[in-house]
Amino acid sequence: MTLLDIVLFLPLIGFFILLLVPKTNPGMSRMVALGLGVLTFLMSLGLIGPWWYGQPKGFQFETKLLWISTPRINYHVGLDGLSLWLVILTTLLTPICVLISWNYIDKRVKEFFAFLILLEFGLIGVFLALDMFLFYVFWEVALVPMYFLIGIWGHERRIYAAVKFFLYTMAGSVLMLTGIIYIFNRAGTFDYVDLLAMIQRGRLSFSWEEELLLFLAFFIAFAVKVPLFPLHTWLPDAHVEAPTAGSVMLASVMLKMGTYGLIRFCLPMFPEAARACAGWISALAIIGIIYGALVAMVQPNMKKLVAYSSVSHLGFVVLGLFSFTQQGLDGAVYQMLNHGVSTGALFIMVGFLSERRHSLEIKAYGGVATPAPWLSTVFLITTLASVGLPMLNNFVGEFLVLQGAAIAHFSWAVFAAIGVILSAVYMLWLYQRVFFGKASEDLSHHMPDMVGREWVAMLPLLILMVWMGCFTQSFMPPISAQNARILDQTKAGVEVQVDNRTPKAMEVAHVR
Amino acid sequence: MFDSFIPSGVEYLRILPEIILTIAGVLIMFLAALQKDEENRGLFFGVTATALLAALVGALIAYQNPGPAFMMKAGDIATAPSMLIIDGFATFFRVLVIGVGLLTLLASSNYLRAERANSAEYYALLLFSIVGQSILASANELIMVFIGIEISSIASYILAGYLRDDKRNNESALKYFLLGSFATAFLLYGVAWIYGVTGTTNLTEIRHALLSPGSANSMVLIGTAAALMFVGFAFKVSAAPFQIWAPDVYQGAPAPVSAFMSAGPKAAAFAVFIRVYTTAFGPIANRWEPFVWGSAILTMVIGNFAALTQTNIKRMLAYSSIAHAGYVLVAITANSEIGIAAAMFYLAAYVFMNVGAFAVVTYFARQGERYVNVEDLAGLGQHQPMIAAMMTIFLLSLIGVPLTGGFFGKFYIFRAALDSNLVWLTVIGLLNSAVAAYYYLRIIVVMYFREAGDASANMAPVGPALRTAILASALGTIILGILPSWLLEFASKSATLAK
């Protein structure tokens, strides 16, 4: 029993505790959910331990227990530099989501928090699972609570959005299941570590067709989740209809399941197919970046705008991953975290606005800065973080991704950079329309400034935006080290392209 | 010489479950004749429950002494062809059908009282039907197969039309009877052909005859016989293109009977299907595999796509049960031991989730089955959170979401299929299960996401028996979803059929 197991199972225990809380006492459900969320977060901070003093190799806090004997499936979890921050991001956002739903959710309170905590369990599990089968289990388990969160507590078209969300993910993931079973039948194990070792040593090798099909089976499942253009259409629906906490978890953590899967499985396990498809995938990513930004620009609905901006931001992540450079990968992983913090914060702020005004339409606002100056300030910082202002977090990630893309293909970086410019356009325009101008009587009346609970929810994210933007080195070393290993694994049988550039990447990070 | 035909004591021991169930069935009919008034119907329930539990123990006792029973020719009992064979495979399905019987019994007691139809015949017919299925599970001989199918079916025909004043019941029973007899006739015709070609009806001997070099000359005849028998079996398991009857029959029959028919007879028919095709017809597997392959795809596609548009929940579950038959056919197409084990596991998981879902429908439909539309479930999540949660478990299992029995069932089946290089069948099957998610989700949507309708308000609490049935099914679904090893290990061990 390691700390990691405790962090993983605490939410599950919390789920059952919440089920036992009497329905008539919603206040108690909130307190229990918050208490558990904070406790899990504090415990998860302990996971940084091994990276505090050095650069441990391989997986930390590993637990490997037999779960099912035929076929052999292990409960195998572990943590590395890639999953470390994603787990902490998840545990951080869950209590924040509890806080922002404190008054907003007023019907079926107990069930809401139970599903939220169950979602946390599924998400943490996805990032920790080192057994392909276990990974698939968590992947699907995370789907169910989100389905209910959207379906029960969402807005008008929630049913359509919830079902669409479920079916898209399901259709993608059954292909992945086929791939997982196929690999098992070939290799005789589901264990990720063993499989990787077998591939490295050449004990397990796929023919070109096999590798391509397997790669695609996994890739499609992950691409739906990312979501990569043109598989993104479920995302705006799900985001717009979900309650604020649902949107936050969806954007900040759930989308990362897809990119995490790409970097954890697709790149190291099928390196040749991944490299062969890199051009096509990068093209889709760039289309996503520009298309997402353009569509975001014309949205009349704030949540939809942020949702399309996610499509654009996640395009950067995919572009970075498939550049196969140290900088690109570092930037992509960093961008995953950045997007989690800043887009999560954006959704929270939009939620605050709509709680006050009961509308998501941009034209219902205007001049909010006058009655609610603090709200406007916090929103501005979040906006600037999102558009990639230097010293704030997104700049680092986008910069590294562009650098990586430029090393791979200069033209990719040129196109992707257009997305950065466009993101400034749509975000700042949004800010202008909502916060500037003259506030109507009606709006001023209904727009109190931020209250204590909202500050508590937003402050950690604001601090992170600055911290991650200014002191990248607090976060980057575990990521870089792990990315270097993954790059190393993708080189099996492929010409060495990027080796000599690795030190430079570290330099760049240092200078900043 | 002659006296070796007389069965030994251990052979009777091997058919203990059938003996117990038959005696109990007959006993109930006698008791009914003695019973004067409508009172004290609990007696039949008690006798049936006791008999089923005793049969369950009997099946386990029989398994302690595995082997063949009732020789067809004089000779050593161990090697001579026998009528029945009691092995792990047979025991697995015996326990399964008896379990279905228990769950059905628990699910139907409230229903029968509400319909004022709580009479002895119901219990006797239920027991007889299970006797037939139990024989099917252990049959090693085509005549026994036929007898088993007839015992099981005739009882089910009557059960389907049990509420004789209800015209839906009548329609259901008549359709089931006419089409069922027609299909059984095909089966019997196939048996006759096989006997004509090989001179035997024993599965082991047929296998030997087909393995002999001379059989190649009569391949057309053998193939035709196998095809004719396939018609019969495909009807019983509701596999396409012989699935047409299932929606009408399941929709019209009383809800607990639909639960029973979609699980018990189906599992038993699959048992005998597997045994006949992998033992007797094993040597010509390359000839029947393409047909089962096609039937599997057709069954999955028809079942799932037809279910998409259904508004009646019983009819939807009927189509869903067709689709699930398709998944089992995938396992049979794999034609390997892990395929058989996967089919066994899947059927066990299927029994829990499907009977559970039908049990919830039984509760919800209420007297006269007034509420059987999907829309009627609106707001169940608020008014009956426990029942709705159980239903959600069943539906998630039917979709195949991890940590439920249905997921592992699908997983094992498609693993077996991939192991036999049936890549496209696997992909089509899994994509089908994504399609299926849509209509199962619709029920969840209605239960939780819609505002409460009139139908779900003011519902009487669930009776203790029905509650037990639903809870037991949910527990079974979850246990098979979290700790599936023990059952799969038993299934793998039993999948080696005597050849």
# chains A, B, ... in the order shown; residues from 1 in each chain; ligands from 1
call {"tool": "residues_around", "arguments": {"residues": "region 256-266 of chain B", "least_positions_apart": "2", "cutoff": "8 Å", "atoms": "only C-alpha atoms", "output": "PyMOL selection string"}}
result
chain B and resi 96-97+100-101+104+107-108+111+130+133+152-153+156+159-160+236-238+249-251+253-254+268-270+318+321+350-351+354-355+358-359+362
call {"tool": "write_last_selection", "arguments": {"atoms": "N, CA and C atoms", "output": "short mmCIF file (atom, residue, chain, number, x, y, z; two decimals), in the first residue's frame"}}
result
data_model
loop_
_atom_site.label_atom_id
_atom_site.label_comp_id
_atom_site.auth_asym_id
_atom_site.auth_seq_id
_atom_site.Cartn_x
_atom_site.Cartn_y
_atom_site.Cartn_z
N LEU B 96 -26.90 -22.82 -14.05
CA LEU B 96 -27.37 -21.56 -14.65
C LEU B 96 -28.88 -21.58 -14.84
N VAL B 97 -29.42 -22.64 -15.43
CA VAL B 97 -30.86 -22.63 -15.71
C VAL B 97 -31.66 -22.74 -14.41
N VAL B 100 -31.69 -19.33 -13.07
CA VAL B 100 -32.69 -18.53 -13.77
C VAL B 100 -34.07 -18.83 -13.21
N GLY B 101 -34.32 -20.13 -12.96
CA GLY B 101 -35.60 -20.52 -12.39
C GLY B 101 -35.85 -19.83 -11.06
N THR B 104 -36.53 -16.16 -11.61
CA THR B 104 -37.85 -15.97 -12.19
C THR B 104 -38.93 -16.17 -11.14
N ALA B 107 -39.12 -13.23 -9.04
CA ALA B 107 -39.63 -12.06 -9.76
C ALA B 107 -41.11 -12.17 -10.04
N SER B 108 -41.65 -13.40 -10.07
CA SER B 108 -43.03 -13.52 -10.53
C SER B 108 -44.06 -13.56 -9.41
N TYR B 111 -46.14 -10.45 -9.15
CA TYR B 111 -46.84 -10.26 -10.41
C TYR B 111 -48.08 -11.15 -10.48
N ILE B 130 -37.64 -26.16 -16.73
CA ILE B 130 -36.25 -26.24 -16.28
C ILE B 130 -35.72 -27.66 -16.41
N GLN B 133 -34.54 -27.99 -19.86
CA GLN B 133 -33.28 -27.28 -20.09
C GLN B 133 -32.11 -27.99 -19.44
N SER B 152 -38.78 -28.48 -22.65
CA SER B 152 -38.57 -27.07 -22.30
C SER B 152 -39.53 -26.17 -23.06
N SER B 153 -39.68 -26.44 -24.37
CA SER B 153 -40.47 -25.52 -25.19
C SER B 153 -41.95 -25.60 -24.88
N SER B 156 -42.75 -23.70 -22.03
CA SER B 156 -42.62 -22.25 -22.27
C SER B 156 -43.76 -21.72 -23.13
N LEU B 159 -46.48 -21.10 -20.78
CA LEU B 159 -46.17 -19.97 -19.91
C LEU B 159 -46.33 -18.64 -20.64
N ALA B 160 -45.95 -18.63 -21.91
CA ALA B 160 -46.05 -17.38 -22.68
C ALA B 160 -47.50 -16.91 -22.78
N LYS B 236 -34.10 -21.37 -31.57
CA LYS B 236 -34.17 -21.41 -30.10
C LYS B 236 -33.33 -20.32 -29.45
N VAL B 237 -32.19 -19.98 -30.05
CA VAL B 237 -31.37 -18.94 -29.45
C VAL B 237 -31.70 -17.57 -30.04
N SER B 238 -32.71 -17.52 -30.89
CA SER B 238 -33.12 -16.30 -31.59
C SER B 238 -31.96 -15.65 -32.33
N VAL B 249 -43.01 -12.31 -29.17
CA VAL B 249 -43.28 -13.22 -28.06
C VAL B 249 -42.89 -12.57 -26.74
N TYR B 250 -41.72 -11.95 -26.68
CA TYR B 250 -41.27 -11.35 -25.43
C TYR B 250 -42.18 -10.19 -25.03
N GLN B 251 -42.64 -9.48 -26.05
CA GLN B 251 -43.49 -8.32 -25.74
C GLN B 251 -44.84 -8.78 -25.21
N ALA B 253 -45.71 -11.81 -23.83
CA ALA B 253 -45.74 -12.71 -22.68
C ALA B 253 -45.73 -11.91 -21.39
N PRO B 254 -46.19 -12.52 -20.29
CA PRO B 254 -46.08 -11.84 -19.00
C PRO B 254 -44.61 -11.48 -18.73
N ALA B 268 -29.77 -22.75 -22.33
CA ALA B 268 -29.75 -24.19 -22.56
C ALA B 268 -29.57 -24.51 -24.04
N ALA B 269 -30.26 -23.72 -24.88
CA ALA B 269 -30.13 -23.95 -26.32
C ALA B 269 -28.70 -23.67 -26.77
N PHE B 270 -28.10 -22.65 -26.21
CA PHE B 270 -26.70 -22.39 -26.56
C PHE B 270 -25.80 -23.53 -26.11
N ALA B 318 -36.19 -7.35 -25.92
CA ALA B 318 -36.21 -8.52 -26.79
C ALA B 318 -35.18 -8.37 -27.90
N SER B 321 -31.86 -8.79 -26.55
CA SER B 321 -31.46 -10.17 -26.28
C SER B 321 -31.09 -10.88 -27.58
N TYR B 350 -24.98 -12.61 -18.76
CA TYR B 350 -26.20 -12.20 -19.47
C TYR B 350 -27.44 -12.55 -18.65
N VAL B 351 -27.41 -13.74 -18.04
CA VAL B 351 -28.57 -14.15 -17.24
C VAL B 351 -28.83 -13.13 -16.14
N ASN B 354 -29.89 -9.56 -17.72
CA ASN B 354 -31.13 -9.56 -18.46
C ASN B 354 -32.33 -9.87 -17.58
N VAL B 355 -32.18 -10.91 -16.73
CA VAL B 355 -33.29 -11.20 -15.82
C VAL B 355 -33.50 -10.03 -14.89
N PHE B 358 -35.44 -7.35 -16.74
CA PHE B 358 -36.84 -7.74 -16.88
C PHE B 358 -37.56 -7.70 -15.53
N ALA B 359 -36.84 -8.03 -14.46
CA ALA B 359 -37.46 -7.98 -13.14
C ALA B 359 -37.86 -6.55 -12.80
N THR B 362 -40.89 -5.86 -14.65
CA THR B 362 -42.03 -6.50 -13.97
C THR B 362 -42.56 -5.60 -12.88
#
call {"tool": "closest_atom_pairs", "arguments": {"of": "chain B", "to": "chain A", "cutoff": "8 Å", "atoms": "only C-alpha atoms", "output": "CSV"}}
result
residue,atom,partner,partner_atom,distance
B:Val401,CA,A:Glu140,CA,6.5
B:Pro402,CA,A:Val137,CA,5.3
B:Leu403,CA,A:Val137,CA,7.3
B:Phe414,CA,A:Thr178,CA,7.7
B:Arg415,CA,A:Ile181,CA,5.7
B:Leu418,CA,A:Tyr182,CA,6.4
B:Asp419,CA,A:Asn185,CA,6.2
B:Thr426,CA,A:Thr178,CA,7.2
B:Val427,CA,A:Thr178,CA,6.9
B:Leu430,CA,A:Val174,CA,5.7
B:Leu431,CA,A:Ala171,CA,6.4
B:Ala434,CA,A:Ala171,CA,5.2
B:Val435,CA,A:Leu167,CA,7.7
B:Ala437,CA,A:Leu167,CA,7.0
B:Tyr438,CA,A:Leu167,CA,6.9
B:Leu441,CA,A:Val163,CA,7.2
B:Val445,CA,A:Ile159,CA,6.9
B:Tyr448,CA,A:Ile152,CA,6.6
B:Phe449,CA,A:Ile152,CA,5.0
B:Leu483,CA,A:Ile68,CA,6.9
B:Pro484,CA,A:Ile68,CA,7.0
B:Ser485,CA,A:Ile68,CA,5.4
B:Leu488,CA,A:Thr70,CA,7.2
B:Glu489,CA,A:Thr70,CA,6.9
call {"tool": "atom_distance", "arguments": {"atom1": "CA of Gly14 (chain A)", "atom2": "CA of Leu464 (chain A)"}}
result
26.7 Å
call {"tool": "closest_residue", "arguments": {"among": "B:Ala255, B:Ile297, B:Ala225, B:Met447", "to": "Val372 (chain B)", "atoms": "only C-alpha atoms"}}
result
B:Ala255
call {"tool": "residues_around", "arguments": {"residues": "region 331-336 of chain B", "least_positions_apart": "3", "cutoff": "9 Å", "atoms": "only C-alpha atoms", "output": "number ranges by chain"}}
result
B: 273-274, 277-278, 282, 285, 288-293, 296, 326-328, 339-343, 412-414, 416-422, 495
call {"tool": "residues_around", "arguments": {"residues": "Thr325 (chain A)", "least_positions_apart": "3", "cutoff": "8 Å", "atoms": "only C-alpha atoms", "output": "short mmCIF file (atom, residue, chain, number, x, y, z; two decimals) with C-alpha atoms, in the first residue's frame"}}
result
data_model
loop_
_atom_site.label_atom_id
_atom_site.label_comp_id
_atom_site.auth_asym_id
_atom_site.auth_seq_id
_atom_site.Cartn_x
_atom_site.Cartn_y
_atom_site.Cartn_z
CA GLY A 320 3.95 19.33 -30.19
CA LEU A 321 3.67 15.60 -29.58
CA GLY A 328 7.80 19.85 -28.80
CA LEU A 329 7.05 17.14 -26.29
CA GLY A 404 9.52 21.99 -31.60
CA ALA A 405 7.28 22.27 -34.63
CA ILE A 407 12.54 22.18 -35.79
CA ALA A 408 10.47 19.44 -37.38
CA LEU A 487 11.71 10.06 -27.38
CA VAL A 498 16.85 14.93 -32.42
#
call {"tool": "select_by_dssp", "arguments": {"residues": "region 112-218 of chain B", "states": "helix (DSSP H, G or I)", "output": "short mmCIF file (atom, residue, chain, number, x, y, z; two decimals) with C-alpha atoms, in the first residue's frame"}}
result
data_model
loop_
_atom_site.label_atom_id
_atom_site.label_comp_id
_atom_site.auth_asym_id
_atom_site.auth_seq_id
_atom_site.Cartn_x
_atom_site.Cartn_y
_atom_site.Cartn_z
CA LEU B 112 -49.01 -13.35 -10.21
CA ARG B 113 -50.75 -12.07 -7.12
CA ALA B 114 -51.47 -8.75 -8.79
CA ALA B 120 -50.31 -24.14 -9.34
CA GLU B 121 -49.80 -24.65 -13.07
CA TYR B 122 -47.43 -21.75 -13.30
CA TYR B 123 -45.04 -23.31 -10.82
CA ALA B 124 -45.34 -26.79 -12.29
CA LEU B 125 -44.72 -25.52 -15.81
CA LEU B 126 -41.74 -23.51 -14.65
CA LEU B 127 -40.25 -26.62 -13.09
CA PHE B 128 -40.91 -28.78 -16.14
CA SER B 129 -39.38 -26.22 -18.41
CA ILE B 130 -36.25 -26.24 -16.28
CA VAL B 131 -36.17 -30.04 -16.40
CA GLY B 132 -36.06 -29.83 -20.18
CA GLN B 133 -33.28 -27.28 -20.09
CA SER B 134 -31.35 -29.30 -17.61
CA ILE B 135 -31.55 -32.31 -19.92
CA LEU B 136 -30.39 -30.14 -22.81
CA ALA B 137 -27.36 -29.10 -20.82
CA SER B 138 -26.25 -32.69 -20.42
CA LEU B 142 -29.67 -36.17 -30.56
CA ILE B 143 -32.87 -37.83 -29.40
CA MET B 144 -32.22 -36.53 -25.90
CA VAL B 145 -31.62 -33.12 -27.45
CA PHE B 146 -34.98 -33.33 -29.11
CA ILE B 147 -36.74 -34.51 -25.96
CA GLY B 148 -35.09 -31.78 -23.91
CA ILE B 149 -36.09 -29.11 -26.39
CA GLU B 150 -39.65 -30.33 -26.46
CA ILE B 151 -40.03 -30.52 -22.69
CA SER B 152 -38.57 -27.07 -22.30
CA SER B 153 -40.47 -25.52 -25.19
CA ILE B 154 -43.93 -26.90 -24.58
CA ALA B 155 -43.83 -25.65 -21.03
CA SER B 156 -42.62 -22.25 -22.27
CA TYR B 157 -45.36 -22.07 -24.92
CA ILE B 158 -47.97 -22.37 -22.21
CA LEU B 159 -46.17 -19.97 -19.91
CA ALA B 160 -46.05 -17.38 -22.68
CA LYS B 167 -55.00 -11.16 -25.86
CA ARG B 168 -51.35 -10.09 -25.92
CA ASN B 169 -50.54 -13.30 -24.08
CA ASN B 170 -52.54 -15.32 -26.55
CA GLU B 171 -50.83 -13.78 -29.51
CA SER B 172 -47.48 -14.40 -27.94
CA ALA B 173 -48.19 -18.04 -27.14
CA LEU B 174 -49.67 -18.81 -30.52
CA LYS B 175 -46.78 -17.28 -32.42
CA TYR B 176 -44.26 -18.94 -30.23
CA PHE B 177 -45.96 -22.29 -30.58
CA LEU B 178 -46.44 -22.23 -34.34
CA LEU B 179 -43.01 -20.96 -35.20
CA GLY B 180 -41.38 -23.02 -32.48
CA SER B 181 -42.90 -26.27 -33.66
CA PHE B 182 -41.91 -25.47 -37.19
CA ALA B 183 -38.31 -24.92 -36.13
CA THR B 184 -38.27 -28.07 -34.02
CA ALA B 185 -39.47 -29.97 -37.05
CA PHE B 186 -36.43 -28.77 -38.95
CA LEU B 187 -34.25 -29.93 -36.11
CA LEU B 188 -35.87 -33.34 -36.10
CA TYR B 189 -35.52 -33.59 -39.85
CA GLY B 190 -31.82 -32.86 -39.48
CA VAL B 191 -31.55 -35.57 -36.85
CA ALA B 192 -33.19 -38.01 -39.23
CA TRP B 193 -30.74 -37.15 -42.00
CA ILE B 194 -27.78 -37.58 -39.71
CA TYR B 195 -29.10 -40.93 -38.62
CA GLY B 196 -29.54 -41.89 -42.23
CA VAL B 197 -25.96 -41.01 -43.09
CA THR B 198 -24.08 -42.13 -40.01
CA LEU B 203 -22.73 -37.21 -30.65
CA THR B 204 -19.51 -39.08 -30.04
CA GLU B 205 -20.32 -41.70 -32.65
CA ILE B 206 -21.36 -39.09 -35.18
CA ARG B 207 -18.00 -37.46 -34.68
CA HIS B 208 -16.21 -40.74 -35.28
CA ALA B 209 -18.29 -41.39 -38.37
CA LEU B 210 -17.50 -37.94 -39.74
CA LEU B 211 -13.83 -38.42 -39.06
CA PRO B 213 -12.42 -41.13 -44.58
CA GLY B 214 -15.58 -42.49 -46.21
CA SER B 215 -17.71 -39.66 -44.92
CA ALA B 216 -16.33 -37.28 -47.55
CA ASN B 217 -18.58 -38.98 -50.13
CA SER B 218 -21.72 -38.00 -48.27
#
call {"tool": "closest_atom_pairs", "arguments": {"of": "region 28-142 of chain A", "to": "region 3-6 of chain A", "cutoff": "10 Å", "atoms": "only C-alpha atoms", "output": "JSON lines"}}
result
{"residue": "A:Thr40", "atom": "CA", "partner": "A:Ile6", "partner_atom": "CA", "distance": 8.4}
{"residue": "A:Met43", "atom": "CA", "partner": "A:Leu3", "partner_atom": "CA", "distance": 7.5}
{"residue": "A:Ser44", "atom": "CA", "partner": "A:Leu4", "partner_atom": "CA", "distance": 7.6}
{"residue": "A:Gly46", "atom": "CA", "partner": "A:Leu3", "partner_atom": "CA", "distance": 7.7}
{"residue": "A:Leu47", "atom": "CA", "partner": "A:Leu4", "partner_atom": "CA", "distance": 7.1}
{"residue": "A:Gln60", "atom": "CA", "partner": "A:Leu4", "partner_atom": "CA", "distance": 8.9}
{"residue": "A:Phe61", "atom": "CA", "partner": "A:Leu4", "partner_atom": "CA", "distance": 6.1}
{"residue": "A:Glu62", "atom": "CA", "partner": "A:Leu4", "partner_atom": "CA", "distance": 8.1}
{"residue": "A:Thr63", "atom": "CA", "partner": "A:Asp5", "partner_atom": "CA", "distance": 7.8}
{"residue": "A:Val77", "atom": "CA", "partner": "A:Asp5", "partner_atom": "CA", "distance": 8.0}
{"residue": "A:Gly78", "atom": "CA", "partner": "A:Leu4", "partner_atom": "CA", "distance": 7.5}
{"residue": "A:Leu79", "atom": "CA", "partner": "A:Leu4", "partner_atom": "CA", "distance": 7.9}
{"residue": "A:Val87", "atom": "CA", "partner": "A:Leu4", "partner_atom": "CA", "distance": 10.0}
{"residue": "A:Ile124", "atom": "CA", "partner": "A:Leu4", "partner_atom": "CA", "distance": 9.8}
{"residue": "A:Gly125", "atom": "CA", "partner": "A:Asp5", "partner_atom": "CA", "distance": 9.7}
{"residue": "A:Leu128", "atom": "CA", "partner": "A:Leu4", "partner_atom": "CA", "distance": 8.6}
